[in-house]
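Asks: Next up is a structure, given as C-alpha cells.
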Amino acid sequence: MAAQNPQNHFQDCLLIMAHKLGGDALIGELCNGFNLLMDADKGFITFDSLKRNSVLLGLQDLSDEYLKCMLKEGDFDGDGALNQMEFCVLMFILSPELMEDSKLWLEEALEQELRDYH
C-alpha cells in the first residue's frame with residue numbers, strides 16, 4: 001500500500017468537518033486544535049509543542065523537517081511560532097477547497113444580512 005500524503009488526508013478531513021459543522025463551529029474546532037497543540041506556558045504552537053502533541057493527532061510519523069516547514073509556512077510574523085490566528089489561517093491555506101467554500105459562506109451570510117436589513 002502506498003504511503004498516504006498527510007496533507008491530502010488533512011484536506012479531506014477539514015472539508016468534511018466544514019460541511020458537517022458549518023463556519024462558526026469549524027472555527028471553534030480549529031481553536032480547540034490550536035489549544036491541543038500549543039505550549040501551555042507560552043500560548044503559542046512551537047516546534048517542541050507541535051512535535052510533542054502531534055502524537056495526539058496521529059501525526060507522529062511526520063519528520064522534524066516537515067513539522068518545521070508547517071511552522072514556517074504559517075508563521076506570518078516571523079517569531080518562529082504560531083499564534084491562534086496564524087494557525088487558523090494555515091489550516092484554511094492547507095485546504096484550498098475549504099477556501100472556496102468559505103467564500104460561498106461569506107456570500108450567503110452577506111445575502112442573509114441584506115435580506116434581514118430590508
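A note on labels: chains of the C-alpha cells are A, B, ... as shown, every chain counts residues from 1, and ligands are counted from 1 in their shown order.
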Which residues come within 12 Å of A:Asp39, counting only C-alpha atoms, excluding same-chain residues fewer than 2 positions away, as a PyMOL selection string?

Replies: chain A and resi 34-37+41-53+81-84

Asks: DSSP on the backbone: what in stretch 14-100 of chain A comes out helix (DSSP H, G or I), as number ranges by chain?

Replies: A: 14-21, 23-37, 47-57, 64-74, 84-93, 96-100

Asks: One number please: atom CA of A:Gly28 to atom CA of A:Cys88, in Å, one decimal.

Replies: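 It comes out at 9.9 Å.
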
Asks: For atom CA of A:Ser54 and atom CA of A:Asn32, determine how far apart the two atoms are, in Å to one decimal place.

Replies: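 If I compute the distance from atom CA of A:Ser54 to atom CA of A:Asn32, I get 13.8 Å.
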
Asks: As a ChimeraX atom specification, list the residues of stretch 9-83 of chain A assigned to strand (DSSP E or B) by DSSP on the backbone atoms of this structure.

Replies: /A:39,44-45,82

Asks: Determine, counting only C-alpha atoms, which protein, DNA and RNA residues have an atom within 8 Å of an atom of A:Gly80; residues of the same chain fewer than 3 positions away are not included. Present the result as a PyMOL selection string.

Replies: chain A and resi 46+71-72+75

Asks: Could those residues be written to a file, using C-alpha atoms, as a PDB file, in the first residue's frame?

Replies:
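The file below, part.pdb, is the result:
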ATOM      1  CA  THR A  46       6.245  25.939  18.965  1.00  0.00           C
ATOM      2  CA  LEU A  71       5.503  26.125  11.260  1.00  0.00           C
ATOM      3  CA  LYS A  72       7.411  28.254   8.771  1.00  0.00           C
ATOM      4  CA  ASP A  75       4.443  31.930  10.777  1.00  0.00           C
TER       5      ASP A  75
END
